[in-house]
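Beneath this line is the structure, given in structure tokens, with notes to follow.
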Amino acid sequence: MKEIKHFINGTFVGSASGRTFDDINPANGQVIGRVHEAGRAEVDAAVQAARAALSGPWGAMSVAERADILHRVADGITARFDEFLEAECLDTGKPKSLASHIDIPRGAANFKVFADLLKNVPNEAFEMATPDGSGAINYAVRRPKGVIGVISPWNLPLLLMTWKVGPALACGNTVVVKPSEETPLTTTLLGEVMQAAGVPAGVYNVVHGFGGDSAGAFLTEHADVDAFTFTGETGTGELIMRAAAKGVRQVSLELGGKNAGIVFADCDMDKAIEGTLRSAFANCGQVCLGTERLYVERSIFEEFVARLKDGAESLMIGPPDDPTSNFGPLVSLKHREKVLSYYQQAVADGATVVTGGGVPQMPEALAGGAWIQPTIWTGLADDSAVVTEEIFGPCCHIRPFDSEAEAVALANSLPYGLSATLWSDNVSRAHRVAGQLEAGIVWVNSWFLRDLRTAFGGSKQSGIGREGGVHSLEFYTELKNICVKL
Ligand code: NAD
């Protein structure tokens with residue numbers, strides 16, 4: 001049984017209250033470890049450590065020195081790849097084949113990409129005429145924002161947390177991380193890597209616990225945190241924004257979505273099916289960028305539905321260690337209850353269940369896990385909650401359309417705007433439609449193809465701000481103009 005502690009000021013510490021909660025393996029329902037739950041005292045200690053570290057050796061380092069350390073952090077993750085993989089798969093139940101390609105390598109890459117970016121980023125300068133003829137020079141410098149509160153979700157725990165911690169540290173900030181209560185392991189393990197890489201004490205701190213009335217809320221209510229970066233549900237984002245308003249603290253919010261996929265008759269059908277199988281079912285549908293609404297041109301509708309059904313039924317459901325498995329469980333039994341409630345709602349709303357719709361029969365040893373069937377529906381009204389609300393499970397609804405304008409209107413009809421995917425081999429149409437879709441990220445003939453230098457974030461209720469590449473600097477640094485009269 002693991003004991004999972006906070007990481008504060010370079011030391012692993014338990015909670016003064018002695019309060020703990022269980023970390024559960026969603027593949028079999030068994031308890032992996034006991035996690036310490038932070039009270040206000042631990043959160044305060046972490047914030048104070050982060051504040052003090054700003055003016056310690058970390059604050060005095062050059063950009064190049066910080067970058068070297070962050071490269072060592074990335075190398076440290078890679079050196080302990082198998083431990084990170086084991087921890088992530090224990091917490092999430094996801095197939096090792098998936099986590100070894102995405103979660104862990106991207107977790108390491110997030111440190112290198114931002115360390116290198118900071119070494120090369122230019123700043124603006126303006127020469128200016130003055131009435132006396134001597135002139136002035138303006139130039140910009142970037143300074144760390146300070147102590148950043150990082151609140152992260154459970155679906156891609158290491159990847160999404162380091163996506164924030166990487167740029168925060170590269171910019172010279174210090175962090176207090178509150179990982180999801182469902183997935184505490186890799187964030188904790190990273191503390192050991194940070195220490196070994198020479199990150200000074202207090203720069204990277206971790207507090208464990210829940211959201212409301214627990215570590216999450218205690219962190220957002222703490223007056224000495226300068227800004228918050230959050231990935232999670234839109235409703236939680238609203239709460240965090242409200243807490244951050246006190247003291248006028250900045251927020252970066254990466255929130256929920258109900259992403260549309262549009263499939264035109266002129267697409268490459270093999271590629272559209274392959275991409276949609278991933279966008280709807282990868283990570284058991286628990287990807288914020290996933291496709292839960294598909295609009296397919298009527299002339300290929302029947303064929304598309306039949307082929308996606310075949311693909312969904314050939315997914316290999318199994319535990320992380322099974323090398324043939326490409327479909328794991330949901331993150332928890334609680335989340336399965338939520339997803340199953342939508343499965344029931346779909347039937348009540350008159351859907352045709354093309355495939356799935358329930359819980360698969362699993363062997364005895366896995367029967368306590370949060371397993372669920374990949375599910376496809378057709379025939380629902382556009383205003384069914386199944387079509388308008390984020391389910392965050394392995395499921396999608398497919399609806400036919402007759403014109404480009406209709407497809408765009410349907411895709412844009414919801415208050416979310418995270419990502420959209422379109423499939424067409426007509427270049428003009430692809431550009432035209434991509435430009436009209438109300439989403440922060442549009443993929444054409446692909447899905448989840450990420451260049452970390454590009455802007456990432458949601459429009460409408462899917463988020464505030466953009467992270468990635470130089471866009472991360474807007475949030476993680478304070479831009480200061482210095483005006484020198486000559
Ligand atoms: P969640 O909002 O329930 O929880 C996210 C984190 O916020 C957890 O660490 C949780 O403990 C914390 N939290 C909850 N209530 C809080 C409060 N009142 N104050 C402070 N912290 C609080 O989200 P989740 O269920 O962990 O993740 C799934 C959601 O995340 C989905 O909506 C998904 O779309 C979204 N998501 C978005 C992106 C993106 O980039 N836009 C990426 C991944 C996931």
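Identifiers for the structure tokens are assigned positionally: chains receive A, B, ... in sequence, residues are indexed from 1 per chain, and ligands are indexed from 1 in the order shown.
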
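Here the strand (DSSP E) residues in range 217-369 of chain A, by DSSP on the backbone, are Ala227, Phe228, Thr229, Phe230, Thr231, Gln250, Val251, Ser252, Leu253, Glu254, Asn259, Ala260, Gly261, Ile262, Val263, Thr291, Glu292, Arg293, Leu294, Tyr295, Val296, Glu297, Thr352, Val353, Val354 and Thr355 of chain A.
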
Give me a file of those residues, with N, CA, C and O atoms, as a short mmCIF file (atom, residue, chain, number, x, y, z; two decimals), in the first residue's frame.
```
data_model
loop_
_atom_site.label_atom_id
_atom_site.label_comp_id
_atom_site.auth_asym_id
_atom_site.auth_seq_id
_atom_site.Cartn_x
_atom_site.Cartn_y
_atom_site.Cartn_z
N ALA A 227 -1.52 33.91 -9.62
CA ALA A 227 -2.34 33.58 -10.80
C ALA A 227 -2.66 32.10 -10.76
O ALA A 227 -1.94 31.32 -10.10
N PHE A 228 -3.72 31.72 -11.47
CA PHE A 228 -4.14 30.31 -11.47
C PHE A 228 -4.27 29.80 -12.89
O PHE A 228 -4.88 30.45 -13.74
N THR A 229 -3.71 28.63 -13.12
CA THR A 229 -3.93 27.97 -14.40
C THR A 229 -4.65 26.66 -14.11
O THR A 229 -4.25 25.89 -13.25
N PHE A 230 -5.75 26.47 -14.81
CA PHE A 230 -6.65 25.37 -14.49
C PHE A 230 -7.08 24.63 -15.73
O PHE A 230 -7.39 25.24 -16.76
N THR A 231 -7.12 23.31 -15.66
CA THR A 231 -7.76 22.50 -16.69
C THR A 231 -8.80 21.63 -16.01
O THR A 231 -8.49 20.94 -15.03
N GLN A 250 -4.99 36.77 -12.18
CA GLN A 250 -5.26 36.32 -13.54
C GLN A 250 -5.56 34.81 -13.58
O GLN A 250 -5.02 34.05 -12.76
N VAL A 251 -6.40 34.41 -14.54
CA VAL A 251 -6.66 32.97 -14.72
C VAL A 251 -6.39 32.56 -16.16
O VAL A 251 -6.59 33.34 -17.08
N SER A 252 -5.93 31.33 -16.31
CA SER A 252 -5.87 30.69 -17.62
C SER A 252 -6.74 29.44 -17.47
O SER A 252 -6.47 28.59 -16.62
N LEU A 253 -7.80 29.35 -18.28
CA LEU A 253 -8.77 28.26 -18.09
C LEU A 253 -8.88 27.41 -19.34
O LEU A 253 -9.21 27.92 -20.42
N GLU A 254 -8.58 26.12 -19.19
CA GLU A 254 -8.78 25.16 -20.29
C GLU A 254 -9.91 24.25 -19.85
O GLU A 254 -9.75 23.40 -18.97
N ASN A 259 -17.21 18.61 -28.67
CA ASN A 259 -16.59 18.92 -29.96
C ASN A 259 -17.25 18.21 -31.12
O ASN A 259 -17.61 17.04 -31.03
N ALA A 260 -17.37 18.96 -32.21
CA ALA A 260 -18.02 18.43 -33.41
C ALA A 260 -16.97 17.86 -34.36
O ALA A 260 -15.86 18.36 -34.47
N GLY A 261 -17.39 16.82 -35.09
CA GLY A 261 -16.63 16.31 -36.22
C GLY A 261 -17.53 16.41 -37.44
O GLY A 261 -18.71 16.03 -37.36
N ILE A 262 -17.01 16.95 -38.53
CA ILE A 262 -17.81 17.06 -39.76
C ILE A 262 -17.15 16.19 -40.82
O ILE A 262 -15.94 16.32 -41.08
N VAL A 263 -17.93 15.31 -41.40
CA VAL A 263 -17.37 14.39 -42.40
C VAL A 263 -18.08 14.64 -43.73
O VAL A 263 -19.29 14.39 -43.86
N THR A 291 -14.35 13.81 -29.90
CA THR A 291 -15.52 14.13 -30.71
C THR A 291 -16.74 13.37 -30.16
O THR A 291 -16.77 12.15 -30.22
N GLU A 292 -17.71 14.10 -29.65
CA GLU A 292 -18.93 13.44 -29.18
C GLU A 292 -20.12 13.70 -30.10
O GLU A 292 -21.19 13.13 -29.92
N ARG A 293 -19.94 14.63 -31.08
CA ARG A 293 -21.03 14.92 -32.05
C ARG A 293 -20.44 14.79 -33.43
O ARG A 293 -19.48 15.49 -33.77
N LEU A 294 -21.02 13.94 -34.25
CA LEU A 294 -20.53 13.80 -35.62
C LEU A 294 -21.63 14.17 -36.59
O LEU A 294 -22.78 13.75 -36.44
N TYR A 295 -21.26 14.98 -37.57
CA TYR A 295 -22.18 15.35 -38.64
C TYR A 295 -21.60 14.80 -39.93
O TYR A 295 -20.47 15.14 -40.30
N VAL A 296 -22.37 13.93 -40.59
CA VAL A 296 -21.85 13.20 -41.76
C VAL A 296 -22.76 13.47 -42.97
O VAL A 296 -24.00 13.38 -42.85
N GLU A 297 -22.15 13.81 -44.09
CA GLU A 297 -22.94 14.14 -45.28
C GLU A 297 -23.82 12.94 -45.65
O GLU A 297 -23.38 11.79 -45.63
N THR A 352 -31.34 5.45 -31.61
CA THR A 352 -31.00 4.11 -32.08
C THR A 352 -29.60 3.82 -31.54
O THR A 352 -28.66 4.59 -31.80
N VAL A 353 -29.48 2.74 -30.77
CA VAL A 353 -28.16 2.38 -30.23
C VAL A 353 -27.48 1.50 -31.29
O VAL A 353 -27.83 0.34 -31.47
N VAL A 354 -26.52 2.10 -31.98
CA VAL A 354 -25.84 1.39 -33.08
C VAL A 354 -24.93 0.31 -32.51
O VAL A 354 -24.84 -0.79 -33.04
N THR A 355 -24.27 0.63 -31.42
CA THR A 355 -23.44 -0.36 -30.72
C THR A 355 -23.25 0.06 -29.28
O THR A 355 -23.35 1.25 -28.96
#
```

- Contacts to ligand 1 at 8 Å cut-off (only C-alpha atoms and all ligand atoms) as a PyMOL selection string: chain A and resi 151-156+160+178-182+209-220+230-237+239-240+253-257+286-289+390+392+418+456-458+462-463

- Per-residue DSSP, range 340-401 of chain A, filtered to helix (DSSP H, G or I), as a PyMOL selection string: chain A and resi 340-348+364-366+385-388

- Which polymer residues have any atom within 9 Å of an atom of Tyr204 in chain A, counting only C-alpha atoms, with same-chain residues fewer than 3 positions away left out, as a list of chain:residue names? A:Phe7, A:Ile8, A:Asn9, A:Gly10, A:Ala46, A:Ala50, A:Val165, A:Leu169, A:Thr174, A:Val175, A:Val176, A:Val177, A:Gly191, A:Met194, A:Val199, A:Pro200, A:Ala201

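Closest approach to Leu380 in chain A among A:Asp402, A:Asp75, A:Asp349, A:Glu88 is made by A:Asp349 (distances from only C-alpha atoms).
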
- Task: For range 441-444 of chain A, list every protein, DNA or RNA residue within 9 Å, evaluated using only C-alpha atoms, and leave out those in the same chain fewer than 6 positions away; present the list as number ranges by chain.
- Result: A: 289, 417-424, 430-431, 434-435, 455-459

Those same residues - N, CA and C atoms - I'd like them written as a short mmCIF file (atom, residue, chain, number, x, y, z; two decimals), in the first residue's frame.
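This went into out_17.cif:
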```
data_model
loop_
_atom_site.label_atom_id
_atom_site.label_comp_id
_atom_site.auth_asym_id
_atom_site.auth_seq_id
_atom_site.Cartn_x
_atom_site.Cartn_y
_atom_site.Cartn_z
N LEU A 289 -10.54 17.05 -26.08
CA LEU A 289 -10.61 17.38 -27.51
C LEU A 289 -11.40 16.35 -28.29
N GLY A 417 -16.60 25.72 -27.36
CA GLY A 417 -15.80 25.99 -28.56
C GLY A 417 -14.35 25.56 -28.38
N LEU A 418 -14.15 24.30 -27.98
CA LEU A 418 -12.77 23.86 -27.75
C LEU A 418 -12.11 23.43 -29.07
N SER A 419 -12.56 22.31 -29.63
CA SER A 419 -11.94 21.87 -30.89
C SER A 419 -13.00 21.41 -31.87
N ALA A 420 -12.61 21.28 -33.12
CA ALA A 420 -13.49 20.70 -34.15
C ALA A 420 -12.59 19.97 -35.14
N THR A 421 -13.17 18.97 -35.78
CA THR A 421 -12.40 18.18 -36.74
C THR A 421 -13.22 18.10 -38.02
N LEU A 422 -12.58 18.30 -39.16
CA LEU A 422 -13.33 18.12 -40.40
C LEU A 422 -12.54 17.26 -41.37
N TRP A 423 -13.29 16.49 -42.13
CA TRP A 423 -12.71 15.51 -43.06
C TRP A 423 -13.21 15.83 -44.45
N SER A 424 -12.29 16.23 -45.33
CA SER A 424 -12.63 16.55 -46.72
C SER A 424 -11.34 16.58 -47.52
N ALA A 430 -12.12 22.76 -47.25
CA ALA A 430 -11.49 22.54 -45.95
C ALA A 430 -11.09 23.88 -45.32
N HIS A 431 -10.46 24.74 -46.10
CA HIS A 431 -10.05 26.06 -45.56
C HIS A 431 -11.28 26.90 -45.23
N ALA A 434 -13.04 25.44 -42.11
CA ALA A 434 -12.18 25.59 -40.91
C ALA A 434 -12.25 27.02 -40.39
N GLY A 435 -12.26 27.98 -41.31
CA GLY A 435 -12.30 29.38 -40.91
C GLY A 435 -13.61 29.78 -40.24
N ALA A 455 -0.79 27.81 -30.52
CA ALA A 455 -1.72 28.24 -29.48
C ALA A 455 -2.71 27.11 -29.17
N PHE A 456 -2.94 26.89 -27.89
CA PHE A 456 -3.89 25.87 -27.46
C PHE A 456 -4.86 26.50 -26.48
N GLY A 457 -6.16 26.31 -26.71
CA GLY A 457 -7.15 26.83 -25.77
C GLY A 457 -8.51 26.84 -26.41
N GLY A 458 -9.51 27.16 -25.61
CA GLY A 458 -10.88 27.10 -26.10
C GLY A 458 -11.51 28.46 -26.26
N SER A 459 -12.45 28.55 -27.19
CA SER A 459 -13.26 29.76 -27.30
C SER A 459 -14.59 29.51 -26.58
#
```

- Message: as a ChimeraX atom specification, please: the residues near range 171-173 of chain A (cut-off 9 Å, only C-alpha atoms, same-chain neighbours under 5 positions excluded).
- Response: /A:50,54,58-59,61,63,66,114-115,118,142-148,166,203,473,476-477

Would you save the residues from that selection as a PDB file, in the first residue's frame, using N, CA and C atoms?
```pdb
ATOM      1  N   ALA A  50       6.717  28.524  -1.912  1.00  0.00           N
ATOM      2  CA  ALA A  50       6.810  28.991  -3.308  1.00  0.00           C
ATOM      3  C   ALA A  50       7.161  30.475  -3.346  1.00  0.00           C
ATOM      4  N   LEU A  54      10.973  32.297  -4.794  1.00  0.00           N
ATOM      5  CA  LEU A  54      11.090  33.288  -5.882  1.00  0.00           C
ATOM      6  C   LEU A  54      12.328  34.157  -5.707  1.00  0.00           C
ATOM      7  N   TRP A  58      16.621  30.291  -7.315  1.00  0.00           N
ATOM      8  CA  TRP A  58      15.816  30.192  -8.539  1.00  0.00           C
ATOM      9  C   TRP A  58      15.672  31.556  -9.205  1.00  0.00           C
ATOM     10  N   GLY A  59      15.370  32.557  -8.370  1.00  0.00           N
ATOM     11  CA  GLY A  59      15.156  33.908  -8.910  1.00  0.00           C
ATOM     12  C   GLY A  59      16.435  34.521  -9.460  1.00  0.00           C
ATOM     13  N   MET A  61      18.831  32.867 -10.992  1.00  0.00           N
ATOM     14  CA  MET A  61      19.397  32.103 -12.127  1.00  0.00           C
ATOM     15  C   MET A  61      19.155  32.795 -13.455  1.00  0.00           C
ATOM     16  N   VAL A  63      18.335  32.599 -17.534  1.00  0.00           N
ATOM     17  CA  VAL A  63      17.405  31.774 -18.307  1.00  0.00           C
ATOM     18  C   VAL A  63      18.087  30.464 -18.714  1.00  0.00           C
ATOM     19  N   ARG A  66      18.300  27.999 -15.809  1.00  0.00           N
ATOM     20  CA  ARG A  66      16.988  27.378 -15.560  1.00  0.00           C
ATOM     21  C   ARG A  66      16.685  26.341 -16.640  1.00  0.00           C
ATOM     22  N   PHE A 114       9.553  24.246 -23.561  1.00  0.00           N
ATOM     23  CA  PHE A 114       9.442  25.602 -23.013  1.00  0.00           C
ATOM     24  C   PHE A 114      10.794  26.137 -22.542  1.00  0.00           C
ATOM     25  N   ALA A 115      11.673  25.245 -22.086  1.00  0.00           N
ATOM     26  CA  ALA A 115      13.018  25.700 -21.708  1.00  0.00           C
ATOM     27  C   ALA A 115      13.714  26.277 -22.938  1.00  0.00           C
ATOM     28  N   LEU A 118      12.176  29.715 -24.145  1.00  0.00           N
ATOM     29  CA  LEU A 118      12.553  30.899 -23.358  1.00  0.00           C
ATOM     30  C   LEU A 118      13.948  31.395 -23.699  1.00  0.00           C
ATOM     31  N   ARG A 142      10.456  40.755 -19.916  1.00  0.00           N
ATOM     32  CA  ARG A 142       9.459  39.885 -19.295  1.00  0.00           C
ATOM     33  C   ARG A 142       9.970  39.434 -17.931  1.00  0.00           C
ATOM     34  N   ARG A 143       9.097  39.452 -16.955  1.00  0.00           N
ATOM     35  CA  ARG A 143       9.444  39.015 -15.609  1.00  0.00           C
ATOM     36  C   ARG A 143       8.466  37.933 -15.172  1.00  0.00           C
ATOM     37  N   PRO A 144       8.882  37.013 -14.293  1.00  0.00           N
ATOM     38  CA  PRO A 144       7.949  35.978 -13.837  1.00  0.00           C
ATOM     39  C   PRO A 144       6.730  36.613 -13.168  1.00  0.00           C
ATOM     40  N   LYS A 145       5.606  35.927 -13.290  1.00  0.00           N
ATOM     41  CA  LYS A 145       4.395  36.467 -12.648  1.00  0.00           C
ATOM     42  C   LYS A 145       4.451  36.267 -11.141  1.00  0.00           C
ATOM     43  N   GLY A 146       5.092  35.194 -10.673  1.00  0.00           N
ATOM     44  CA  GLY A 146       5.203  34.981  -9.226  1.00  0.00           C
ATOM     45  C   GLY A 146       4.866  33.550  -8.854  1.00  0.00           C
ATOM     46  N   VAL A 147       3.956  33.408  -7.889  1.00  0.00           N
ATOM     47  CA  VAL A 147       3.525  32.072  -7.454  1.00  0.00           C
ATOM     48  C   VAL A 147       2.296  31.686  -8.277  1.00  0.00           C
ATOM     49  N   ILE A 148       2.406  30.573  -9.004  1.00  0.00           N
ATOM     50  CA  ILE A 148       1.301  30.136  -9.850  1.00  0.00           C
ATOM     51  C   ILE A 148       0.612  28.925  -9.207  1.00  0.00           C
ATOM     52  N   GLY A 166       5.745  23.193 -16.888  1.00  0.00           N
ATOM     53  CA  GLY A 166       6.905  23.417 -17.776  1.00  0.00           C
ATOM     54  C   GLY A 166       7.082  24.898 -18.101  1.00  0.00           C
ATOM     55  N   VAL A 203      10.355  25.524  -5.250  1.00  0.00           N
ATOM     56  CA  VAL A 203       9.992  25.936  -6.621  1.00  0.00           C
ATOM     57  C   VAL A 203       8.803  25.113  -7.119  1.00  0.00           C
ATOM     58  N   LEU A 473       3.681  32.781 -22.738  1.00  0.00           N
ATOM     59  CA  LEU A 473       4.343  33.913 -22.060  1.00  0.00           C
ATOM     60  C   LEU A 473       3.333  34.956 -21.612  1.00  0.00           C
ATOM     61  N   TYR A 476       2.289  33.490 -18.211  1.00  0.00           N
ATOM     62  CA  TYR A 476       3.303  33.157 -17.196  1.00  0.00           C
ATOM     63  C   TYR A 476       4.320  34.268 -16.953  1.00  0.00           C
ATOM     64  N   THR A 477       4.235  35.356 -17.726  1.00  0.00           N
ATOM     65  CA  THR A 477       5.146  36.463 -17.453  1.00  0.00           C
ATOM     66  C   THR A 477       4.366  37.770 -17.388  1.00  0.00           C
TER      67      THR A 477
END
```

- Show which residues sit within 8 Å of Arg336 in chain A, as number ranges by chain. Count only C-alpha atoms, and ignore same-chain residues fewer than 5 positions away. A: 330-331, 370-372
